[in-house]
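Enquirer: Sending over start_36.cif (mmCIF, C-alpha atoms and all ligand atoms).
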data_work
#
loop_
_atom_site.label_atom_id
_atom_site.label_comp_id
_atom_site.auth_asym_id
_atom_site.auth_seq_id
_atom_site.Cartn_x
_atom_site.Cartn_y
_atom_site.Cartn_z
CA MET A 1 0.00 0.00 0.00
CA ILE A 2 1.49 3.32 -1.11
CA LEU A 3 0.04 6.39 0.56
CA PRO A 4 -0.67 9.58 -1.47
CA THR A 5 1.75 11.62 0.62
CA VAL A 6 3.09 13.94 -2.06
CA ASP A 7 2.83 14.06 -5.82
CA TYR A 8 3.10 16.41 -8.78
CA ARG A 9 -0.10 16.37 -10.80
CA ARG A 10 -1.45 18.63 -13.50
CA GLY A 11 0.82 21.56 -12.70
CA ALA A 12 0.55 21.51 -8.90
CA VAL A 13 2.04 19.78 -5.87
CA GLU A 14 -0.55 17.50 -4.33
CA ILE A 15 -0.35 16.37 -0.72
CA ILE A 16 -2.58 14.66 1.77
CA ASP A 17 -3.00 17.32 4.46
CA GLN A 18 -1.49 15.61 7.51
CA THR A 19 -2.74 18.25 9.93
CA LEU A 20 -6.28 16.97 9.26
CA LEU A 21 -5.53 13.28 9.83
CA PRO A 22 -6.91 10.98 11.08
CA GLY A 23 -10.28 12.78 11.00
CA GLU A 24 -10.22 13.81 7.36
CA GLU A 25 -8.34 12.44 4.35
CA ARG A 26 -8.09 15.54 2.16
CA ILE A 27 -5.85 15.88 -0.88
CA VAL A 28 -4.77 19.51 -1.22
CA ARG A 29 -3.36 21.13 -4.39
CA LEU A 30 -0.51 23.56 -3.73
CA VAL A 31 -0.45 25.89 -6.71
CA ASN A 32 2.53 28.12 -5.95
CA LEU A 33 5.84 28.19 -4.19
CA GLU A 34 4.55 30.04 -1.13
CA GLU A 35 1.79 27.47 -0.57
CA THR A 36 4.36 24.68 -0.85
CA ALA A 37 6.70 26.37 1.64
CA GLU A 38 3.79 26.98 4.03
CA ALA A 39 2.71 23.33 3.79
CA ILE A 40 6.21 22.21 4.80
CA ARG A 41 6.47 24.78 7.60
CA SER A 42 3.09 23.91 9.08
CA LEU A 43 3.65 20.11 8.82
CA ARG A 44 0.85 19.56 6.30
CA VAL A 45 3.58 17.56 4.60
CA ARG A 46 6.26 16.32 6.98
CA GLY A 47 8.85 13.61 7.65
CA ALA A 48 12.36 13.93 6.26
CA PRO A 49 12.04 12.11 2.89
CA ALA A 50 8.58 13.59 2.17
CA ILE A 51 9.90 17.08 2.85
CA GLY A 52 12.70 16.44 0.35
CA ILE A 53 10.27 15.33 -2.36
CA ALA A 54 7.93 18.27 -1.65
CA ALA A 55 10.87 20.68 -1.88
CA ALA A 56 11.99 19.22 -5.22
CA TYR A 57 8.43 19.65 -6.49
CA GLY A 58 8.37 23.21 -5.11
CA MET A 59 11.32 24.00 -7.41
CA LEU A 60 9.46 22.52 -10.38
CA LEU A 61 6.34 24.45 -9.46
CA ALA A 62 8.31 27.70 -9.50
CA LEU A 63 9.24 26.98 -13.13
CA GLU A 64 5.73 25.78 -14.00
CA ASN A 65 4.40 29.17 -12.86
CA LEU A 66 7.14 31.09 -14.67
CA LEU A 67 6.06 29.40 -17.92
CA ALA A 68 2.36 29.95 -17.16
CA GLU A 69 2.78 33.66 -16.31
CA ARG A 70 3.87 34.28 -19.88
CA ASP A 71 0.81 32.62 -21.41
CA ARG A 72 -1.82 35.07 -22.66
CA GLN A 73 -4.43 32.31 -22.69
CA PRO A 74 -4.45 30.26 -19.49
CA ARG A 75 -3.56 26.70 -20.42
CA GLY A 76 -3.81 23.40 -18.57
CA HIS A 77 -0.43 22.54 -17.17
CA TYR A 78 3.16 21.95 -18.19
CA PHE A 79 4.17 19.09 -15.93
CA ASP A 80 2.57 15.99 -14.44
CA ARG A 81 4.42 13.05 -12.94
CA ALA A 82 2.30 10.44 -14.70
CA GLU A 83 2.90 12.13 -18.06
CA GLY A 84 6.68 12.29 -17.53
CA ALA A 85 9.08 15.17 -18.12
CA SER A 86 8.50 16.50 -21.62
CA ILE A 87 10.36 19.52 -23.01
CA PRO A 88 7.99 22.49 -22.64
CA ASP A 89 7.51 25.40 -25.00
CA ALA A 90 9.57 28.05 -23.22
CA ALA A 91 9.51 30.72 -25.96
CA GLY A 92 9.73 34.18 -24.45
CA VAL A 93 11.28 33.00 -21.17
CA ALA A 94 14.85 34.21 -20.63
CA ALA A 95 17.56 31.94 -19.23
CA GLY A 96 18.28 34.54 -16.54
CA GLU A 97 14.66 34.43 -15.35
CA VAL A 98 14.82 30.64 -14.99
CA ARG A 99 18.02 30.89 -12.96
CA LEU A 100 16.60 33.64 -10.73
CA ARG A 101 13.34 31.80 -10.15
CA LEU A 102 15.19 28.62 -9.17
CA ALA A 103 17.58 30.43 -6.85
CA SER A 104 14.80 32.26 -5.08
CA ALA A 105 12.66 29.09 -4.77
CA ARG A 106 15.63 27.24 -3.32
CA GLN A 107 16.18 29.97 -0.75
CA THR A 108 12.50 30.02 0.30
CA LEU A 109 12.25 26.24 0.57
CA ALA A 110 15.58 25.80 2.38
CA ALA A 111 14.40 28.17 5.10
CA THR A 112 11.25 26.18 5.93
CA ARG A 113 12.66 23.56 8.29
CA PRO A 114 16.28 23.25 9.41
CA THR A 115 16.83 19.73 10.78
CA ALA A 116 15.90 17.18 8.09
CA VAL A 117 18.88 17.19 5.74
CA ASN A 118 16.80 15.53 3.00
CA LEU A 119 15.42 19.00 2.30
CA SER A 120 18.74 20.62 1.38
CA TRP A 121 19.89 17.37 -0.26
CA ALA A 122 16.87 17.42 -2.62
CA LEU A 123 17.27 21.12 -3.38
CA GLU A 124 20.95 20.59 -4.18
CA ARG A 125 20.07 17.70 -6.51
CA ILE A 126 17.57 19.81 -8.42
CA ALA A 127 19.95 22.77 -8.63
CA ARG A 128 22.70 20.54 -10.02
CA ALA A 129 20.38 19.05 -12.65
CA ALA A 130 19.36 22.56 -13.72
CA GLU A 131 22.98 23.65 -13.91
CA ALA A 132 23.98 20.63 -15.98
CA ALA A 133 21.17 21.31 -18.49
CA GLY A 134 22.94 24.44 -19.76
CA SER A 135 21.29 27.72 -20.63
CA ASP A 136 18.33 26.78 -22.82
CA PRO A 137 15.23 27.55 -20.66
CA ALA A 138 13.17 24.67 -22.09
CA ALA A 139 15.99 22.19 -21.46
CA VAL A 140 16.44 23.46 -17.89
CA CYS A 141 12.71 23.12 -17.13
CA ALA A 142 12.66 19.59 -18.54
CA ALA A 143 15.78 18.66 -16.57
CA VAL A 144 14.26 19.91 -13.32
CA ALA A 145 11.09 17.90 -13.97
CA ARG A 146 13.11 14.80 -14.85
CA GLU A 147 15.20 15.07 -11.71
CA ALA A 148 12.24 15.71 -9.40
CA PHE A 149 10.31 12.74 -10.80
CA ALA A 150 13.43 10.54 -10.62
CA LEU A 151 14.13 11.53 -7.03
CA HIS A 152 10.56 10.62 -6.08
CA ALA A 153 10.65 7.23 -7.85
CA GLU A 154 14.08 6.36 -6.42
CA GLU A 155 12.93 7.25 -2.93
CA LEU A 156 10.23 4.59 -3.07
CA GLU A 157 12.69 1.89 -4.20
CA ILE A 158 15.01 2.99 -1.40
CA GLU A 159 12.23 2.53 1.13
CA TYR A 160 11.59 -1.02 -0.07
CA ALA A 161 15.32 -1.74 0.28
CA ILE A 162 15.36 -0.34 3.83
CA GLY A 163 12.36 -2.54 4.62
CA ARG A 164 14.11 -5.65 3.32
CA ASN A 165 17.35 -4.81 5.14
CA GLY A 166 15.57 -4.12 8.42
CA ALA A 167 13.03 -6.94 8.46
CA VAL A 168 15.76 -9.38 9.59
CA PHE A 169 15.78 -7.66 12.98
CA ILE A 170 12.06 -8.26 13.51
CA GLY A 171 10.96 -11.63 14.86
CA ASP A 172 7.62 -13.35 15.21
CA GLY A 173 5.84 -12.55 18.44
CA MET A 174 7.89 -9.45 19.25
CA ASN A 175 6.57 -6.26 20.84
CA ILE A 176 8.05 -3.28 19.02
CA LEU A 177 7.89 0.33 20.09
CA THR A 178 8.03 3.15 17.55
CA HIS A 179 8.12 6.92 17.99
CA CYS A 180 6.65 9.69 15.80
CA ASN A 181 5.74 8.70 12.24
CA ALA A 182 8.32 7.27 9.87
CA GLY A 183 5.85 5.54 7.58
CA GLY A 184 4.29 6.22 4.21
CA LEU A 185 3.12 9.63 5.34
CA ALA A 186 6.69 10.71 6.08
CA THR A 187 8.18 9.41 2.85
CA ALA A 188 7.42 8.58 -0.78
CA GLY A 189 4.55 6.42 0.48
CA TYR A 190 5.95 3.23 2.09
CA GLY A 191 8.14 4.22 5.01
CA THR A 192 11.49 3.80 6.72
CA ALA A 193 11.00 2.68 10.34
CA LEU A 194 7.46 1.58 9.58
CA GLY A 195 8.72 0.26 6.24
CA VAL A 196 10.84 -2.20 8.23
CA LEU A 197 7.72 -3.32 10.10
CA TYR A 198 5.66 -3.48 6.89
CA ALA A 199 8.31 -5.59 5.17
CA ALA A 200 8.49 -7.99 8.13
CA TRP A 201 4.68 -8.21 8.19
CA GLU A 202 4.58 -8.85 4.43
CA GLU A 203 7.09 -11.68 5.03
CA GLY A 204 4.48 -13.28 7.28
CA LYS A 205 5.92 -12.36 10.68
CA ARG A 206 3.35 -11.41 13.30
CA PHE A 207 4.10 -8.94 16.11
CA HIS A 208 2.56 -6.08 18.09
CA VAL A 209 3.41 -2.41 17.61
CA TYR A 210 3.44 0.07 20.49
CA VAL A 211 3.04 3.62 19.24
CA ASP A 212 4.35 6.58 21.23
CA GLU A 213 1.72 9.32 21.08
CA THR A 214 4.53 11.83 20.31
CA ARG A 215 3.67 15.11 21.93
CA PRO A 216 3.17 17.86 21.03
CA ILE A 217 2.02 17.23 17.42
CA LEU A 218 0.88 13.64 18.03
CA GLN A 219 2.42 12.14 14.89
CA GLY A 220 2.27 8.73 16.58
CA ALA A 221 -1.36 8.80 17.72
CA ARG A 222 -2.68 10.59 14.64
CA LEU A 223 -0.51 9.31 11.79
CA THR A 224 1.30 6.08 12.71
CA ALA A 225 -1.86 4.63 14.22
CA TRP A 226 -3.81 5.66 11.10
CA GLU A 227 -1.28 3.87 8.87
CA LEU A 228 -1.21 0.70 10.99
CA ALA A 229 -5.00 0.61 11.12
CA LYS A 230 -5.17 0.89 7.32
CA ARG A 231 -2.92 -2.16 7.08
CA GLY A 232 -4.80 -4.10 9.73
CA MET A 233 -1.70 -4.38 11.93
CA PRO A 234 -2.31 -4.59 15.71
CA TYR A 235 -1.12 -1.60 17.73
CA THR A 236 -1.48 0.13 21.08
CA ILE A 237 -0.91 3.85 21.64
CA LEU A 238 0.83 5.12 24.75
CA CYS A 239 1.92 8.48 26.10
CA GLU A 240 5.73 8.75 26.03
CA GLY A 241 5.57 9.04 29.81
CA ALA A 242 4.20 5.49 29.94
CA ALA A 243 7.08 4.00 27.95
CA ALA A 244 9.35 3.38 30.97
CA SER A 245 6.68 1.32 32.68
CA LEU A 246 6.14 -0.69 29.49
CA PHE A 247 9.87 -1.51 29.37
CA ALA A 248 9.90 -2.26 33.11
CA ALA A 249 7.04 -4.70 32.58
CA GLY A 250 9.16 -6.52 29.98
CA ARG A 251 6.73 -5.67 27.22
CA VAL A 252 9.17 -4.13 24.71
CA ASP A 253 11.57 -6.32 22.71
CA ALA A 254 12.94 -3.63 20.39
CA ALA A 255 12.37 -0.05 19.26
CA VAL A 256 12.53 1.22 15.69
CA VAL A 257 12.55 4.88 14.66
CA GLY A 258 13.34 7.05 11.65
CA ALA A 259 15.86 9.88 11.38
CA ASP A 260 16.05 13.47 10.20
CA ARG A 261 19.83 13.75 10.01
CA ILE A 262 22.62 11.31 10.79
CA ALA A 263 26.09 12.70 11.47
CA ALA A 264 29.31 11.13 10.20
CA ASN A 265 29.84 9.35 13.54
CA GLY A 266 26.31 7.90 13.62
CA ASP A 267 24.76 10.37 16.07
CA THR A 268 21.15 10.68 14.94
CA ALA A 269 18.63 13.51 15.11
CA ASN A 270 15.01 12.40 15.21
CA LYS A 271 11.72 13.55 16.70
CA ILE A 272 11.94 14.95 20.21
CA GLY A 273 11.62 12.07 22.66
CA THR A 274 13.77 9.65 20.66
CA LEU A 275 16.70 10.25 23.03
CA GLY A 276 14.51 9.35 26.01
CA LEU A 277 13.48 6.17 24.22
CA ALA A 278 17.14 5.37 23.47
CA VAL A 279 18.04 5.76 27.15
CA LEU A 280 15.22 3.37 28.06
CA CYS A 281 16.46 0.84 25.50
CA GLU A 282 19.93 0.98 27.02
CA LYS A 283 18.64 0.76 30.60
CA PHE A 284 16.46 -2.27 29.83
CA GLY A 285 18.87 -3.97 27.41
CA ARG A 286 16.71 -3.70 24.30
CA PRO A 287 17.97 -2.78 20.81
CA LEU A 288 17.13 0.56 19.20
CA TYR A 289 17.10 0.47 15.39
CA VAL A 290 17.21 3.60 13.27
CA ALA A 291 15.96 3.27 9.68
CA ALA A 292 16.80 5.93 7.11
CA PRO A 293 17.79 6.42 3.48
CA TRP A 294 21.34 7.32 2.59
CA SER A 295 20.12 10.88 1.82
CA THR A 296 19.56 11.39 5.57
CA PHE A 297 23.29 11.13 6.29
CA ASP A 298 25.14 14.43 6.57
CA LEU A 299 28.82 13.60 6.44
CA ALA A 300 29.64 17.29 6.83
CA ALA A 301 28.29 17.05 10.37
CA ALA A 302 31.07 15.38 12.36
CA SER A 303 28.77 14.61 15.30
CA GLY A 304 25.32 15.37 16.66
CA GLY A 305 26.53 18.72 17.99
CA ASP A 306 26.73 19.96 14.40
CA ILE A 307 23.06 19.22 13.66
CA PRO A 308 20.74 22.27 13.77
CA ILE A 309 17.70 21.60 15.93
CA GLU A 310 14.42 23.24 15.00
CA GLU A 311 12.61 25.11 17.78
CA ARG A 312 8.88 25.29 17.19
CA PRO A 313 6.33 27.73 18.63
CA SER A 314 5.39 27.46 22.32
CA ALA A 315 1.74 27.36 21.27
CA GLU A 316 2.15 23.74 20.11
CA VAL A 317 2.90 22.68 23.70
CA LEU A 318 0.50 25.01 25.46
CA SER A 319 -2.56 23.57 23.76
CA CYS A 320 -3.86 20.20 22.67
CA GLY A 321 -6.48 19.49 20.03
CA GLY A 322 -7.04 23.23 19.59
CA ALA A 323 -7.82 23.84 23.29
CA ARG A 324 -5.45 25.77 25.53
CA THR A 325 -4.05 23.56 28.30
CA ALA A 326 -1.70 25.97 30.11
CA PRO A 327 -2.21 29.28 31.96
CA GLU A 328 -2.11 32.51 29.98
CA GLY A 329 1.44 33.85 29.91
CA ALA A 330 3.05 30.39 30.20
CA ILE A 331 6.02 29.76 27.95
CA ALA A 332 7.16 26.38 26.65
CA TYR A 333 10.39 24.66 25.67
CA ASN A 334 9.63 23.10 22.30
CA PRO A 335 12.57 21.62 20.39
CA ALA A 336 11.22 19.52 17.53
CA PHE A 337 14.13 17.05 17.56
CA ASP A 338 16.82 15.61 19.81
CA VAL A 339 20.07 13.81 19.12
CA THR A 340 20.66 10.19 20.08
CA PRO A 341 24.36 9.32 20.41
CA ALA A 342 25.52 6.52 18.13
CA SER A 343 26.53 4.49 21.18
CA LEU A 344 22.84 3.98 22.04
CA ILE A 345 21.91 2.68 18.56
CA ALA A 346 22.02 -1.07 17.87
CA ALA A 347 21.94 -0.61 14.10
CA ILE A 348 21.26 2.01 11.45
CA VAL A 349 19.32 0.34 8.65
CA THR A 350 19.80 2.01 5.27
CA ASP A 351 19.07 1.15 1.66
CA ARG A 352 22.77 0.23 1.38
CA GLY A 353 22.61 -2.24 4.24
CA ALA A 354 22.56 -2.22 8.02
CA VAL A 355 25.39 -0.78 10.09
CA GLU A 356 25.42 -2.52 13.44
CA ASN A 357 26.91 -0.64 16.42
CA PRO A 358 27.44 2.38 14.13
CA ASP A 359 30.53 4.55 14.31
CA GLY A 360 32.54 6.85 12.05
CA PRO A 361 34.67 4.21 10.25
CA LYS A 362 31.67 1.97 9.51
CA ILE A 363 29.70 4.90 8.12
CA ALA A 364 32.71 6.00 6.06
CA ALA A 365 32.90 2.46 4.63
CA LEU A 366 29.21 2.61 3.72
CA ALA A 367 29.78 5.99 2.07
CA ALA A 368 32.59 4.49 0.03
CA GLY A 369 30.19 1.83 -1.23
CA LEU A 370 31.74 -0.98 0.77
CA PRO A 371 29.52 -3.55 2.45
CA PRO A 372 28.61 -2.58 6.01
CA LEU A 373 31.02 -3.86 8.63
CA ARG A 374 29.85 -6.36 11.20
CA PRO A 375 30.86 -5.70 14.83
O1 LIG B 1 8.46 17.07 12.67
P1 LIG B 1 8.25 15.89 11.76
O2 LIG B 1 6.91 15.27 11.92
O3 LIG B 1 8.60 16.20 10.33
O4 LIG B 1 9.33 14.84 12.28
C1 LIG B 1 9.41 13.61 11.64
C2 LIG B 1 10.37 12.68 12.26
O5 LIG B 1 11.03 12.99 13.23
C3 LIG B 1 10.56 11.36 11.59
O6 LIG B 1 10.86 10.36 12.50
C4 LIG B 1 11.72 11.47 10.59
O7 LIG B 1 11.55 12.57 9.74
C5 LIG B 1 11.87 10.25 9.77
S1 LIG B 1 10.59 10.10 8.59
C6 LIG B 1 10.87 8.76 7.65
#
Could you render the structure as structure tokens?

Expert:
Amino acid sequence: MILPTVDYRRGAVEIIDQTLLPGEERIVRLVNLEETAEAIRSLRVRGAPAIGIAAAYGMLLALENLLAERDRQPRGHYFDRAEGASIPDAAGVAAGEVRLRLASARQTLAATRPTAVNLSWALERIARAAEAAGSDPAAVCAAVAREAFALHAEELEIEYAIGRNGAVFIGDGMNILTHCNAGGLATAGYGTALGVLYAAWEEGKRFHVYVDETRPILQGARLTAWELAKRGMPYTILCEGAAASLFAAGRVDAAVVGADRIAANGDTANKIGTLGLAVLCEKFGRPLYVAAPWSTFDLAAASGGDIPIEERPSAEVLSCGGARTAPEGAIAYNPAFDVTPASLIAAIVTDRGAVENPDGPKIAALAAGLPPLRP
């Protein structure tokens, strides 16, 4: 089952609005760059790989609108993923305008969310494709479309590979705890951490999933639970505060989470609360698996200290379900992510293979295309 997380259809970016889930399944068309940037900022589309795809499509949308602005007669659309990346009629559009539009779109999109490196990775990929296409505006537009569609298609294959590589860690009868949402809604439609569970389930293994509610945005309760329910997989939601007692009762065999950025030494940024879960795994002797595509690695970050952590508005913490839950004037500490040291991670599962007991040399070997080292 592939979820309709993000797509490019008939000249617009289409997303399922995740702020409305699980109550309403609404596909929203984002028709300009500003709407796309707003959708990323406000978590209508969220999760590291999905943000990358949405950003790539935001770049394409900027060019789509540049072409359309020149049309005297409004026409249908220039690009559509299902139709492929044809060379558009770009008569009357100057090469300089294309360059400027791309540069400004890149700047706007890059500023939306700082932690998930997939965002800047995708923008860089699109910019390089545009650069390599030369100076003919039509060729540049076609190259951007080709690259954005390719990135999206590759991402899905990568998720299947992560699933296959991670399913070996999941056994029949296990109880597995996950945090936030690293499923189809956070990716090209299948998932990373949840992709591992889906792959194991598709192999016929049967297990139970515990889902951290994931305050303050409730990605676990709203999104992960929605995905698991759609697949008919058994799950139980808990507040993060209840996780320690679940471990103490011997009811967690392993934890699996996604990642927003992985440093060269294996330190991993993921949704706030992941570090607490990692500490519990260590305390109770249970493995913590991180599942992520290679595009989530940032080898320019030597360690977790180099990863920028997004701070989100206090209002997200001071209310719940639209109702204020704290006194007027209260302020909140609201980092969106935390960093789990590599030493607390049993394995990082990637599309290139699994790195057990991750550290700098093993990640460098993976980067060099060598098979992952065993401990
Ligand atoms: O703030 P969010 O909802 O975008 O945070 C998402 C996460 O932290 C996910 O675990 C991570 O992006 C991995 S998604 C495959």

Enquirer: I want to know what sits within 9 Å of segment 18-24 of chain A, based on all atoms listed in the file, with residues of the same chain fewer than 5 positions away left out; could you give that as number ranges by chain?

Expert: A: 5, 42-46, 185, 217, 221-223, 225-226

Enquirer: Expressed in Å to a single decimal, how great is the separation between atom CA of Ile87 of chain A and atom CA of Val144 of chain A?

Expert: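 Between atom CA of Ile87 of chain A and atom CA of Val144 of chain A the gap is 10.5 Å.
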
Enquirer: Could you tell me, counting only C-alpha atoms and all ligand atoms, which protein and nucleic acid residues lie no more than 7 Å from ligand LIG 1 (chain B), written as a list in words?

Expert: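 So the residues close to ligand LIG 1 (chain B) are Leu43, Arg46, Gly47, Ala48, Pro49, Ala116, Cys180, Asn181, Ala182, Gly183, Ala186, Thr187, Gly191, Thr192, Ala193, Gln219, Val257, Gly258, Ala259, Asp260, Asn270, Lys271, Ala292, Ala336 and Phe337 of chain A.
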
Enquirer: Where does segment 145-174 of chain A meet segment 345-352 of chain A within 12 Å, residue by residue, with the nearest atom pair and distance in Å to one decimal for each, counting only C-alpha atoms, listed by chain and rising number, as a tab-separated table?

Expert:
residue	atom	partner	partner_atom	distance
A:Glu154	CA	A:Asp351	CA	10.8
A:Glu155	CA	A:Asp351	CA	9.8
A:Leu156	CA	A:Asp351	CA	10.6
A:Glu157	CA	A:Asp351	CA	8.7
A:Ile158	CA	A:Asp351	CA	5.4
A:Glu159	CA	A:Asp351	CA	7.0
A:Tyr160	CA	A:Asp351	CA	8.0
A:Ala161	CA	A:Asp351	CA	4.9
A:Ile162	CA	A:Asp351	CA	4.5
A:Gly163	CA	A:Asp351	CA	8.2
A:Arg164	CA	A:Asp351	CA	8.6
A:Asn165	CA	A:Val349	CA	6.5
A:Gly166	CA	A:Val349	CA	5.8
A:Ala167	CA	A:Val349	CA	9.6
A:Val168	CA	A:Val349	CA	10.4
A:Phe169	CA	A:Ala347	CA	9.4

Enquirer: Let's have the selection written as a short mmCIF file (atom, residue, chain, number, x, y, z; two decimals), in the coordinates of the input, with C-alpha atoms.

Expert:
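The resulting again.cif:
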data_model
loop_
_atom_site.label_atom_id
_atom_site.label_comp_id
_atom_site.auth_asym_id
_atom_site.auth_seq_id
_atom_site.Cartn_x
_atom_site.Cartn_y
_atom_site.Cartn_z
CA GLU A 154 14.08 6.36 -6.42
CA GLU A 155 12.93 7.25 -2.93
CA LEU A 156 10.23 4.59 -3.07
CA GLU A 157 12.69 1.89 -4.20
CA ILE A 158 15.01 2.99 -1.40
CA GLU A 159 12.23 2.53 1.13
CA TYR A 160 11.59 -1.02 -0.07
CA ALA A 161 15.32 -1.74 0.28
CA ILE A 162 15.36 -0.34 3.83
CA GLY A 163 12.36 -2.54 4.62
CA ARG A 164 14.11 -5.65 3.32
CA ASN A 165 17.35 -4.81 5.14
CA GLY A 166 15.57 -4.12 8.42
CA ALA A 167 13.03 -6.94 8.46
CA VAL A 168 15.76 -9.38 9.59
CA PHE A 169 15.78 -7.66 12.98
#

Enquirer: List the spatial neighbours of Gly58 of chain A as a PDB file with C-alpha atoms, in the coordinates of the input - criterion: any atom at most 12 Å away, only C-alpha atoms, same-chain residues fewer than 3 positions off excluded.

Expert:
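Written file, result_8.pdb:
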ATOM      1  CA  VAL A   6       3.090  13.940  -2.060  1.00  0.00           C
ATOM      2  CA  ASP A   7       2.830  14.060  -5.820  1.00  0.00           C
ATOM      3  CA  TYR A   8       3.100  16.410  -8.780  1.00  0.00           C
ATOM      4  CA  GLY A  11       0.820  21.560 -12.700  1.00  0.00           C
ATOM      5  CA  ALA A  12       0.550  21.510  -8.900  1.00  0.00           C
ATOM      6  CA  VAL A  13       2.040  19.780  -5.870  1.00  0.00           C
ATOM      7  CA  GLU A  14      -0.550  17.500  -4.330  1.00  0.00           C
ATOM      8  CA  ILE A  15      -0.350  16.370  -0.720  1.00  0.00           C
ATOM      9  CA  ARG A  29      -3.360  21.130  -4.390  1.00  0.00           C
ATOM     10  CA  LEU A  30      -0.510  23.560  -3.730  1.00  0.00           C
ATOM     11  CA  VAL A  31      -0.450  25.890  -6.710  1.00  0.00           C
ATOM     12  CA  ASN A  32       2.530  28.120  -5.950  1.00  0.00           C
ATOM     13  CA  LEU A  33       5.840  28.190  -4.190  1.00  0.00           C
ATOM     14  CA  GLU A  34       4.550  30.040  -1.130  1.00  0.00           C
ATOM     15  CA  GLU A  35       1.790  27.470  -0.570  1.00  0.00           C
ATOM     16  CA  THR A  36       4.360  24.680  -0.850  1.00  0.00           C
ATOM     17  CA  ALA A  37       6.700  26.370   1.640  1.00  0.00           C
ATOM     18  CA  GLU A  38       3.790  26.980   4.030  1.00  0.00           C
ATOM     19  CA  ALA A  39       2.710  23.330   3.790  1.00  0.00           C
ATOM     20  CA  ILE A  40       6.210  22.210   4.800  1.00  0.00           C
ATOM     21  CA  ILE A  51       9.900  17.080   2.850  1.00  0.00           C
ATOM     22  CA  GLY A  52      12.700  16.440   0.350  1.00  0.00           C
ATOM     23  CA  ILE A  53      10.270  15.330  -2.360  1.00  0.00           C
ATOM     24  CA  ALA A  54       7.930  18.270  -1.650  1.00  0.00           C
ATOM     25  CA  ALA A  55      10.870  20.680  -1.880  1.00  0.00           C
ATOM     26  CA  LEU A  61       6.340  24.450  -9.460  1.00  0.00           C
ATOM     27  CA  ALA A  62       8.310  27.700  -9.500  1.00  0.00           C
ATOM     28  CA  LEU A  63       9.240  26.980 -13.130  1.00  0.00           C
ATOM     29  CA  GLU A  64       5.730  25.780 -14.000  1.00  0.00           C
ATOM     30  CA  ASN A  65       4.400  29.170 -12.860  1.00  0.00           C
ATOM     31  CA  ARG A 101      13.340  31.800 -10.150  1.00  0.00           C
ATOM     32  CA  LEU A 102      15.190  28.620  -9.170  1.00  0.00           C
ATOM     33  CA  ALA A 103      17.580  30.430  -6.850  1.00  0.00           C
ATOM     34  CA  SER A 104      14.800  32.260  -5.080  1.00  0.00           C
ATOM     35  CA  ALA A 105      12.660  29.090  -4.770  1.00  0.00           C
ATOM     36  CA  ARG A 106      15.630  27.240  -3.320  1.00  0.00           C
ATOM     37  CA  GLN A 107      16.180  29.970  -0.750  1.00  0.00           C
ATOM     38  CA  THR A 108      12.500  30.020   0.300  1.00  0.00           C
ATOM     39  CA  LEU A 109      12.250  26.240   0.570  1.00  0.00           C
ATOM     40  CA  ALA A 110      15.580  25.800   2.380  1.00  0.00           C
ATOM     41  CA  THR A 112      11.250  26.180   5.930  1.00  0.00           C
ATOM     42  CA  LEU A 119      15.420  19.000   2.300  1.00  0.00           C
ATOM     43  CA  ALA A 122      16.870  17.420  -2.620  1.00  0.00           C
ATOM     44  CA  LEU A 123      17.270  21.120  -3.380  1.00  0.00           C
ATOM     45  CA  ILE A 126      17.570  19.810  -8.420  1.00  0.00           C
ATOM     46  CA  VAL A 144      14.260  19.910 -13.320  1.00  0.00           C
ATOM     47  CA  ALA A 145      11.090  17.900 -13.970  1.00  0.00           C
ATOM     48  CA  ALA A 148      12.240  15.710  -9.400  1.00  0.00           C
TER      49      ALA A 148
END

Enquirer: Which residue is closest to Thr178 of chain A? Choose from A:His208, A:His152, A:Arg324, A:Arg10 and count all atoms listed in the file.

Expert: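 Of A:His208, A:His152, A:Arg324, A:Arg10, the one nearest Thr178 of chain A is A:His208, counting all atoms listed in the file.
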
Enquirer: Could you tell me, as JSON, numbers by chain, which residues have any atom at most 6 Å from (15.8, 29.2, -23.3), counting all atoms listed in the file?

Expert: {"A": [94, 95, 136, 137, 138]}

Enquirer: Edge lengths and centre in Å to one decimal, as lines of an AutoDock Vina configuration file, of the axis-aligned box that encloses all listed atoms of segment 93-104 of chain A with 4 Å added on every side?

Expert:
center_x = 14.8
center_y = 31.6
center_z = -13.1
size_x = 15.0
size_y = 13.9
size_z = 24.1

Enquirer: Near segment 239-253 of chain A, within 7 Å and counting all atoms listed in the file, which residues show up once chain neighbours fewer than 5 positions away are dropped, as JSON, numbers by chain?

Expert: {"A": [174, 175, 176, 177, 212, 213, 214, 280, 284, 286]}

Enquirer: For a test of reading the model, state the distance in Å between atom CA of Arg128 of chain A and atom CA of Leu370 of chain A, rounded to one decimal.

Expert: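 Separation between atom CA of Arg128 of chain A and atom CA of Leu370 of chain A: 25.7 Å.
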
Enquirer: Fewer than 2 positions away in the same chain doesn't count, so skip those; otherwise give me all residues within 9 Å of segment 230-236 of chain A, counting only C-alpha atoms, as JSON, numbers by chain.

Expert: {"A": [1, 198, 201, 206, 207, 208, 209, 210, 211, 212, 225, 226, 227, 228, 238]}

Enquirer: Please compute the atom CA of Ser120 of chain A-atom CA of Ala301 of chain A distance, one decimal, in Å.

Expert: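 A separation of 13.6 Å between them.
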
Enquirer: Can you tell me which residues surround Ala300 of chain A at a distance of at most 12 Å, considering all atoms listed in the file, apart from same-chain residues fewer than 3 positions away, and format the answer as a PyMOL selection string?

Expert: chain A and resi 117+261-265+296-297+303-307+364

Enquirer: Considering only C-alpha atoms, state which residue in the set A:Ser319, A:Thr224, A:Asp71, A:Glu310 is at the smallest distance from Gly184 of chain A.

Expert: A:Thr224
